[in-house]
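First comes the structure, then the notes that go with it.
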Amino acid sequence: MYRDGICRVSGNYYTKTVQFFDINYQLAQADDKAQIFEGYCDFLNYFDASIHVQLTFINQRANMQDFVHSIEIPARGDEYDGIRREYADMLKNQLQKGNNGLTKRKYITFGIEAEDLRTAKMRLERIETDVLGNFKALGVQARPLNGLERLELLHSQLHPDGQEKLHFNWSDLPKTGLSTKDYIAPSGLSFSQDGKTFRVGDHSGAVSFLQILAPEIQDRILTDFMDVEGNLLVTMHVRGINQNEAIKMVKRKITDLDAMKIQEQKKAARSGYDLDILPSDLSTYGGAAKNLLQDLQSRNERMFNMTFLMLHLAPTKQKLEIAVSQSASVAQTHNCILTRLDFQQEDGLVSSLPLGLNRIRIERSLTTSALAVFVPFVTQELFMGGDAMYYGLNALSGNMILLDRKQSRCPNGLVFGTPGSGKSMSCKREITYVMLTTKDNVIICDPEDEYSPLVNRLGGQVIRLSPNSRDYVNPLDINLNYSEEENPLALKSDFVLSFCELIMGSKTGLEAIEKTVIDRAVQKIYQPYFADPRPENMPILSDLMAALTAQHIPEADRVAQALDLYVNGSLNFFNHRTTVDIRNRLVCFDIKGLGKNLKKPGMLIVQDAVWNTVTVNRSIGRATWYFVDEFHLLLKEEQTAAYSAEIWKRFRKWGGIPTGATQNPKDLLHSPEIENILENSDFIYLLNLSAGDRKLMTERLNISAEQLAYVTNADPGSGLLFFQNVILPFKDEFPKTTELYRLLTTKPSEVSHGGETG
C-alpha cells in the first residue's frame, strides 16, 4: 500500500478506492428515480473492459463506546447537571432504538494492469477524477481514500469486533522491517475442515454467492440485503466485456439456437408433427437473445460479468447461521438463491476485502440496466460529529439524526407546522441543547408567552415587554463593538428610520426630507455618549424627539408629533433606559402583553437587540442563536419583514443562527425580498402541514409523493427535515416522564401554564 492510496495487489495489478455516500433514491419522485437510474447506467458504462470494478457495501458493528462518547453531555458542576443527565439518558435510549451502533459504508475500488507504479498512478488518478465527476453528476458525495484510510478499512474488516484500532505510521516501516500487510493482519485465521466457515480473530465468518435466477429483479434487492442486522459485507465484482466481443457472443448464441431449432423441426417433420411446435425454452431464449442483440446494437447498453458475494461475520457459529439464513430468505423473496462457497472460503474472504481482487470465478453476464438494478443508493443518514445536536430519529432507518447547523453553508432555519404539531417543542429542544452543551447566546422572541418556564429553569432572563411591566428596553441602545468596516451610527440610524416609518404608518413610507431630519437628529443625540460612553449618557426617545423639535422644520415637527405618543403619551413604555440584563446568555422577549399598536415596534426593537448581541459576540467568537415564534407576525409589516430579510441575509457572517417558526408558509412568499428568507435557509423542519401549505411547499421544495406522506396528518414531532441537500423523514418521541418534557411541552393538558399548542 502506498501513501496516496494506490495499492499494488499482485504483479502488475494496481487499485484505488473511493468512498461514496447515500442519496435519497427510495423516497425520490418517479422522475427523479428514473433520472438517478439512467445516471447510474451511464456511470457503469464508463468502465471499459480494461478496468476491474469492485463495489463494497459494509454493515459493521461499531465500537459502541465511541458512539456513546459522541452523544455524551459532560457535567459542569452547576444546577443544570440534572437536566444534562436527563438529556444524555434520553439520547442513549434513542441510540439503542436505532441501529446507530451499526455503521453503513459504501466504497468503489477500481483496478488496472500497468507496467509500473508511475504508469498506474497516471491512469488511476484520471479514472478517479472521472469517477468523482460522475458521482457529482448523480448528486452523490464521494471522496478518495489515502493509503492510511485504506489500511484502516482493511483492518476494520479483519478485526470485526471493532474494538481494536489500527496503530500504524509510515515511518515505522523501515524501522521494523514489517510490511503494510503485517499491520492489518488479524490475530488469527483458520478455515474449517468442512469448507463452509472460517474464524477471523474471535469471530466466525462465511462467504456465499448470489445465484440470480429471476428474469427481472426489483431495485430494492441491495437495500433489503443491507437492512439485515449484524456484520455484513456485500461485494459486487464487475468486469466490462468489450462491446464487439459481447455482440459476437450473442450472435453465436442466436446461431446455436437457430441450429437447435432446425434440429427440432427435422424431428417434427419425421414424426409428422406441425413444424411450428417447438420446445418453449427454445422460443423463449431465442426471443430474449434477439432482444439482447438489439439492445447492445441500438441502445446505450453494454455487457458486464458480475460476481455477487456476501460475507457474514458473527461472534458465534450459531449467530452466523441465523444471519446467513436471514439473508438467504431475502434472496428467495427476490427469486434468487444464496449459496455457500464450499471449500472456497479463503478465496471468498480475499475477494470480499476492498482490494479489487476477485478469486471467485462464478460470474453472471448482465446488461448495463440489469446491473444498475443493484442501485447502491437508499436513504441518507445524518450523524455528524463535533457539536452536533439531536433532531429526532430517521423514520426510515430508526437511526438518530445528529447534525451541526454551524457546519452548514448557511445555518439559518425555518420550522413549519400546524398548531399542535410540535413547532415550539422542537425549538425548545434545540434551545436546551445549546444552553447545556455550548457557550453560545440564545435570544427568543416569544409572542405567546410559551418559553418562560424553560428560560427561568435554565437561568435565563425573561423580559416582559408590556405597558404594565417594569422591564424596560431602550430602543436607542447602541453597541460600539462593531467591526472596522461597519459604522455603528449608520446602522443605528437605519434602525431609527425603520422605527419612525413604522410608527408614522404612512403608505408611501418616509419622505426624503423626513429621512434627512431623522438622520441629523440621530447624529446629534449620540455625541454625548460617544464622548463619554457611560450608561447614563445613552440617549432615549425623548432626546430624539427634542433633537427633532429643535430643528424647527415642518417635516421634523411631523416626525416629533408621531413620536409624542411613545414619549409623553399612553405608549411611553419605550421611553426608558434599559433596566434588564440583556447580557444574560439566554434572553426571552415576552411580547404577549403588547397591544396591536405596540407589538410592531416591539418586534422591531427585539430585532435590534438581537443585532446588538450578535455584534458583541462576534468580537469574542461566540455564536448567537435567535428564535422567533409566530414568525408570520414579523412578515406582515414591511419594516419588520425587511429587517428579518436582512437578518437572514447577513447573520451568518456575524456568527448568528436565526430560526423562524410559523404555521403559515405562504407568508414567506409575499414578496421577492421575503422569499429570500426561504432561499437562504439550509435547515427546514417541516411538521404536519395543512392541504394548502402542502401544495405550496411541494412546489417550492420539490417534495416527492412518498416524502409528502410524512407531513400529511403527521403525529406531533414527526415530519421532514431538509438540511443542505439532504431530505430525511423524522419522528421524535420525547420521553414524557422527564422534567425536561414538562419544560418543553406547550400542550395545555400537560402544563399548568397555558399557551398555544405546538
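By order in the C-alpha cells, chains are A, B, ...; within a chain, residues start at 1; ligands start at 1, following the order shown.
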Would you write out, as a Markdown table, a table of all residues in stretch 140-200 of chain A that have an atom no more than 9 Å from an atom of stretch 311-329 of chain A, listing for each the closest atom pair and the distance in Å to one decimal, considering only C-alpha atoms and ordering rows by chain and rising residue number?
```
| residue | atom | partner | partner_atom | distance |
| --- | --- | --- | --- | --- |
| A:Pro160 | CA | A:Leu313 | CA | 7.3 |
| A:Asp161 | CA | A:Pro315 | CA | 8.1 |
| A:Thr197 | CA | A:Lys317 | CA | 8.5 |
| A:Val200 | CA | A:Leu313 | CA | 8.7 |
```
Between stretch 483-568 of chain A and stretch 635-640 of chain A, at 12 Å or less, what are the per-residue closest atom pairs and their distances in Å? Count only C-alpha atoms, order by chain and rising residue number, and return it as JSON lines.
```
{"residue": "A:Asp494", "atom": "CA", "partner": "A:Gln639", "partner_atom": "CA", "distance": 10.9}
{"residue": "A:Phe495", "atom": "CA", "partner": "A:Gln639", "partner_atom": "CA", "distance": 9.5}
{"residue": "A:Val496", "atom": "CA", "partner": "A:Gln639", "partner_atom": "CA", "distance": 11.0}
{"residue": "A:Leu497", "atom": "CA", "partner": "A:Gln639", "partner_atom": "CA", "distance": 9.6}
{"residue": "A:Ser498", "atom": "CA", "partner": "A:Gln639", "partner_atom": "CA", "distance": 5.9}
{"residue": "A:Phe499", "atom": "CA", "partner": "A:Gln639", "partner_atom": "CA", "distance": 7.8}
{"residue": "A:Cys500", "atom": "CA", "partner": "A:Gln639", "partner_atom": "CA", "distance": 9.9}
{"residue": "A:Glu501", "atom": "CA", "partner": "A:Gln639", "partner_atom": "CA", "distance": 7.7}
{"residue": "A:Leu502", "atom": "CA", "partner": "A:Gln639", "partner_atom": "CA", "distance": 6.6}
{"residue": "A:Ile503", "atom": "CA", "partner": "A:Gln639", "partner_atom": "CA", "distance": 10.3}
{"residue": "A:Met504", "atom": "CA", "partner": "A:Gln639", "partner_atom": "CA", "distance": 11.7}
{"residue": "A:Gly505", "atom": "CA", "partner": "A:Glu637", "partner_atom": "CA", "distance": 10.2}
{"residue": "A:Ser506", "atom": "CA", "partner": "A:Glu638", "partner_atom": "CA", "distance": 11.2}
{"residue": "A:Lys507", "atom": "CA", "partner": "A:Glu638", "partner_atom": "CA", "distance": 10.2}
{"residue": "A:Thr508", "atom": "CA", "partner": "A:Glu638", "partner_atom": "CA", "distance": 11.2}
{"residue": "A:Gly509", "atom": "CA", "partner": "A:Glu638", "partner_atom": "CA", "distance": 9.7}
{"residue": "A:Leu510", "atom": "CA", "partner": "A:Gln639", "partner_atom": "CA", "distance": 11.6}
```
| Could you pull the residues within 12 Å of A:Thr624, counting only C-alpha atoms, minus those fewer than 5 positions along the same chain, as a PyMOL selection string? | chain A and resi 406+411-412+431+434-435+438-444+583-587+609-619+647+651-659
| Per DSSP on the backbone, what are the helix (DSSP H, G or I) residues of stretch 569-664 of chain A, as an MDAnalysis selection string? | chainID A and resid 572:574 596:620 632:636 638:654
| request: Determine, counting only C-alpha atoms, which protein, DNA and RNA residues have an atom within 8 Å of an atom of A:Asn664; residues of the same chain fewer than 3 positions away are not included. Present the result as a ChimeraX atom specification. | output: /A:416-417,632,667-668,693
| request: Skip stretch 547-555 of chain A itself and residues of its chain fewer than 6 positions away, then list as a list in words all residues within 8 Å of it, counting only C-alpha atoms. | output: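 The residues satisfying every condition are Ile513, Glu514, Val517, Ile518, Ala521, Lys524 and Ile525 of chain A.
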| field | Residue contacts of A:Val455 (8 Å, only C-alpha atoms) excluding same-chain residues fewer than 4 positions away, as a list in words | value | Tyr451, Gly459, Gly460, Gln461, Val462, Leu586, Val587 and Cys588 of chain A
Write out, as an mmCIF file, in the first residue's frame, the residues just selected, with N, CA and C atoms.
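Below is the file out37.cif, written as the result:
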```cif
data_model
loop_
_atom_site.group_PDB
_atom_site.id
_atom_site.type_symbol
_atom_site.label_atom_id
_atom_site.label_comp_id
_atom_site.auth_asym_id
_atom_site.auth_seq_id
_atom_site.Cartn_x
_atom_site.Cartn_y
_atom_site.Cartn_z
ATOM 1 N N TYR A 451 -42.333 30.317 26.456
ATOM 2 C CA TYR A 451 -40.961 29.891 26.727
ATOM 3 C C TYR A 451 -40.490 30.215 28.148
ATOM 4 N N GLY A 459 -31.971 29.461 33.940
ATOM 5 C CA GLY A 459 -31.261 30.635 34.471
ATOM 6 C C GLY A 459 -31.218 31.812 33.519
ATOM 7 N N GLY A 460 -32.162 31.868 32.592
ATOM 8 C CA GLY A 460 -32.175 32.966 31.624
ATOM 9 C C GLY A 460 -32.936 34.169 32.134
ATOM 10 N N GLN A 461 -32.988 35.198 31.308
ATOM 11 C CA GLN A 461 -33.688 36.440 31.635
ATOM 12 C C GLN A 461 -34.941 36.549 30.776
ATOM 13 N N VAL A 462 -36.125 36.589 31.427
ATOM 14 C CA VAL A 462 -37.371 36.829 30.694
ATOM 15 C C VAL A 462 -37.660 38.325 30.763
ATOM 16 N N LEU A 586 -29.116 33.640 27.971
ATOM 17 C CA LEU A 586 -30.433 33.254 27.454
ATOM 18 C C LEU A 586 -31.426 34.375 27.766
ATOM 19 N N VAL A 587 -31.893 35.034 26.727
ATOM 20 C CA VAL A 587 -32.825 36.153 26.902
ATOM 21 C C VAL A 587 -34.102 35.851 26.126
ATOM 22 N N CYS A 588 -35.255 35.983 26.796
ATOM 23 C CA CYS A 588 -36.544 35.765 26.137
ATOM 24 C C CYS A 588 -37.355 37.053 26.211
#
```
| Residue contacts of A:Leu222 (12 Å, only C-alpha atoms) excluding same-chain residues fewer than 5 positions away, as a VMD selection string | chain A and resid 26 55 to 58 106 210 217 227 to 228 233 to 236 308 to 310 327 330 to 331 334 371 to 378
Dump N, CA, C and O atoms for the selected residues as an mmCIF file, in the first residue's frame?
```cif
data_model
loop_
_atom_site.group_PDB
_atom_site.id
_atom_site.type_symbol
_atom_site.label_atom_id
_atom_site.label_comp_id
_atom_site.auth_asym_id
_atom_site.auth_seq_id
_atom_site.Cartn_x
_atom_site.Cartn_y
_atom_site.Cartn_z
ATOM 1 N N GLN A 26 -34.779 5.998 -2.556
ATOM 2 C CA GLN A 26 -36.049 5.316 -2.253
ATOM 3 C C GLN A 26 -37.214 6.279 -2.086
ATOM 4 O O GLN A 26 -38.356 5.932 -2.345
ATOM 5 N N LEU A 55 -17.561 -3.057 -6.096
ATOM 6 C CA LEU A 55 -18.424 -2.247 -5.232
ATOM 7 C C LEU A 55 -18.546 -2.958 -3.894
ATOM 8 O O LEU A 55 -18.833 -4.166 -3.851
ATOM 9 N N THR A 56 -18.295 -2.240 -2.804
ATOM 10 C CA THR A 56 -18.297 -2.844 -1.472
ATOM 11 C C THR A 56 -19.293 -2.115 -0.579
ATOM 12 O O THR A 56 -19.250 -0.889 -0.485
ATOM 13 N N PHE A 57 -20.167 -2.876 0.077
ATOM 14 C CA PHE A 57 -21.159 -2.301 0.983
ATOM 15 C C PHE A 57 -20.984 -2.976 2.345
ATOM 16 O O PHE A 57 -21.083 -4.196 2.445
ATOM 17 N N ILE A 58 -20.704 -2.157 3.352
ATOM 18 C CA ILE A 58 -20.330 -2.717 4.652
ATOM 19 C C ILE A 58 -21.340 -2.323 5.726
ATOM 20 O O ILE A 58 -21.640 -1.149 5.905
ATOM 21 N N LYS A 106 -20.019 2.658 2.038
ATOM 22 C CA LYS A 106 -20.031 2.222 0.634
ATOM 23 C C LYS A 106 -18.724 2.653 -0.041
ATOM 24 O O LYS A 106 -18.292 3.798 0.143
ATOM 25 N N LEU A 210 -24.420 -15.112 -4.755
ATOM 26 C CA LEU A 210 -25.833 -14.979 -5.126
ATOM 27 C C LEU A 210 -26.052 -15.520 -6.534
ATOM 28 O O LEU A 210 -25.422 -15.065 -7.485
ATOM 29 N N ILE A 217 -35.457 -8.257 -11.636
ATOM 30 C CA ILE A 217 -35.196 -8.036 -10.205
ATOM 31 C C ILE A 217 -35.626 -6.622 -9.853
ATOM 32 O O ILE A 217 -35.450 -5.695 -10.643
ATOM 33 N N ASP A 227 -30.425 -4.206 4.965
ATOM 34 C CA ASP A 227 -31.280 -3.971 6.136
ATOM 35 C C ASP A 227 -31.194 -5.098 7.158
ATOM 36 O O ASP A 227 -31.709 -4.979 8.268
ATOM 37 N N VAL A 228 -30.548 -6.208 6.775
ATOM 38 C CA VAL A 228 -30.396 -7.338 7.704
ATOM 39 C C VAL A 228 -29.421 -6.926 8.809
ATOM 40 O O VAL A 228 -28.387 -6.319 8.549
ATOM 41 N N LEU A 233 -20.866 -7.890 4.758
ATOM 42 C CA LEU A 233 -20.116 -7.214 3.704
ATOM 43 C C LEU A 233 -20.595 -7.758 2.358
ATOM 44 O O LEU A 233 -20.475 -8.954 2.096
ATOM 45 N N VAL A 234 -21.213 -6.892 1.579
ATOM 46 C CA VAL A 234 -21.705 -7.285 0.248
ATOM 47 C C VAL A 234 -20.713 -6.771 -0.789
ATOM 48 O O VAL A 234 -20.330 -5.597 -0.763
ATOM 49 N N THR A 235 -20.309 -7.642 -1.674
ATOM 50 C CA THR A 235 -19.316 -7.282 -2.697
ATOM 51 C C THR A 235 -19.847 -7.601 -4.086
ATOM 52 O O THR A 235 -20.397 -8.682 -4.308
ATOM 53 N N MET A 236 -19.677 -6.659 -5.001
ATOM 54 C CA MET A 236 -20.013 -6.906 -6.411
ATOM 55 C C MET A 236 -18.762 -6.638 -7.248
ATOM 56 O O MET A 236 -18.287 -5.511 -7.299
ATOM 57 N N PHE A 308 -21.377 -11.702 -7.370
ATOM 58 C CA PHE A 308 -22.041 -11.101 -6.199
ATOM 59 C C PHE A 308 -21.755 -11.975 -4.984
ATOM 60 O O PHE A 308 -22.194 -13.118 -4.910
ATOM 61 N N LEU A 309 -20.984 -11.429 -4.029
ATOM 62 C CA LEU A 309 -20.591 -12.190 -2.834
ATOM 63 C C LEU A 309 -21.137 -11.542 -1.567
ATOM 64 O O LEU A 309 -21.278 -10.319 -1.504
ATOM 65 N N MET A 310 -21.416 -12.371 -0.565
ATOM 66 C CA MET A 310 -21.847 -11.862 0.736
ATOM 67 C C MET A 310 -21.018 -12.517 1.832
ATOM 68 O O MET A 310 -20.958 -13.742 1.917
ATOM 69 N N SER A 327 -30.366 -13.682 5.352
ATOM 70 C CA SER A 327 -30.023 -13.171 4.017
ATOM 71 C C SER A 327 -30.538 -14.106 2.930
ATOM 72 O O SER A 327 -30.971 -13.649 1.864
ATOM 73 N N VAL A 330 -34.117 -13.363 2.278
ATOM 74 C CA VAL A 330 -34.242 -12.123 1.485
ATOM 75 C C VAL A 330 -33.995 -12.440 0.013
ATOM 76 O O VAL A 330 -34.732 -11.994 -0.874
ATOM 77 N N ALA A 331 -32.940 -13.235 -0.265
ATOM 78 C CA ALA A 331 -32.625 -13.618 -1.653
ATOM 79 C C ALA A 331 -33.810 -14.353 -2.278
ATOM 80 O O ALA A 331 -34.169 -14.116 -3.436
ATOM 81 N N HIS A 334 -36.616 -12.375 -3.700
ATOM 82 C CA HIS A 334 -36.286 -11.761 -4.993
ATOM 83 C C HIS A 334 -36.000 -12.819 -6.068
ATOM 84 O O HIS A 334 -35.353 -12.528 -7.080
ATOM 85 N N LEU A 371 -27.622 -4.653 -14.473
ATOM 86 C CA LEU A 371 -26.637 -4.476 -13.408
ATOM 87 C C LEU A 371 -27.011 -3.270 -12.532
ATOM 88 O O LEU A 371 -26.841 -3.288 -11.312
ATOM 89 N N ALA A 372 -27.558 -2.216 -13.174
ATOM 90 C CA ALA A 372 -27.906 -0.988 -12.444
ATOM 91 C C ALA A 372 -29.079 -1.198 -11.498
ATOM 92 O O ALA A 372 -29.334 -0.365 -10.629
ATOM 93 N N VAL A 373 -29.804 -2.329 -11.658
ATOM 94 C CA VAL A 373 -30.907 -2.632 -10.737
ATOM 95 C C VAL A 373 -30.376 -2.754 -9.300
ATOM 96 O O VAL A 373 -31.079 -2.465 -8.342
ATOM 97 N N PHE A 374 -29.112 -3.144 -9.166
ATOM 98 C CA PHE A 374 -28.488 -3.185 -7.837
ATOM 99 C C PHE A 374 -28.084 -1.756 -7.467
ATOM 100 O O PHE A 374 -26.900 -1.440 -7.327
ATOM 101 N N VAL A 375 -29.100 -0.893 -7.329
ATOM 102 C CA VAL A 375 -28.837 0.537 -7.078
ATOM 103 C C VAL A 375 -28.211 0.669 -5.694
ATOM 104 O O VAL A 375 -28.786 0.204 -4.706
ATOM 105 N N PRO A 376 -27.042 1.311 -5.600
ATOM 106 C CA PRO A 376 -26.374 1.367 -4.297
ATOM 107 C C PRO A 376 -26.881 2.487 -3.389
ATOM 108 O O PRO A 376 -26.316 2.735 -2.346
ATOM 109 N N PHE A 377 -27.931 3.196 -3.819
ATOM 110 C CA PHE A 377 -28.402 4.338 -3.033
ATOM 111 C C PHE A 377 -29.738 4.000 -2.370
ATOM 112 O O PHE A 377 -30.611 3.413 -2.998
ATOM 113 N N VAL A 378 -29.887 4.390 -1.125
ATOM 114 C CA VAL A 378 -31.116 4.057 -0.397
ATOM 115 C C VAL A 378 -31.686 5.343 0.187
ATOM 116 O O VAL A 378 -32.423 6.060 -0.443
#
```
| message | Please compute the atom CA of A:Leu544-atom CA of A:Gln607 distance, one decimal, in Å. | response | 19.9 Å
| Hey, which of A:Leu213, A:Ile362, A:Leu669, A:Leu721 ends up closest to A:Arg700? Count only C-alpha atoms. | A:Leu669
| task | Run DSSP on the backbone and grab whatever in stretch 16-239 of chain A lands in strand (DSSP E or B); send it over as a ChimeraX atom specification. | result | /A:16-20,52-61,102-113,142-144,189-191,198-200,203-212,231-239
| field | Among the residues A:Asp449, A:Asp182, A:Asp629, A:Asp130, the one that comes closest to A:His155 [using only C-alpha atoms] | value |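 For A:His155, the nearest of the candidates is A:Asp182.
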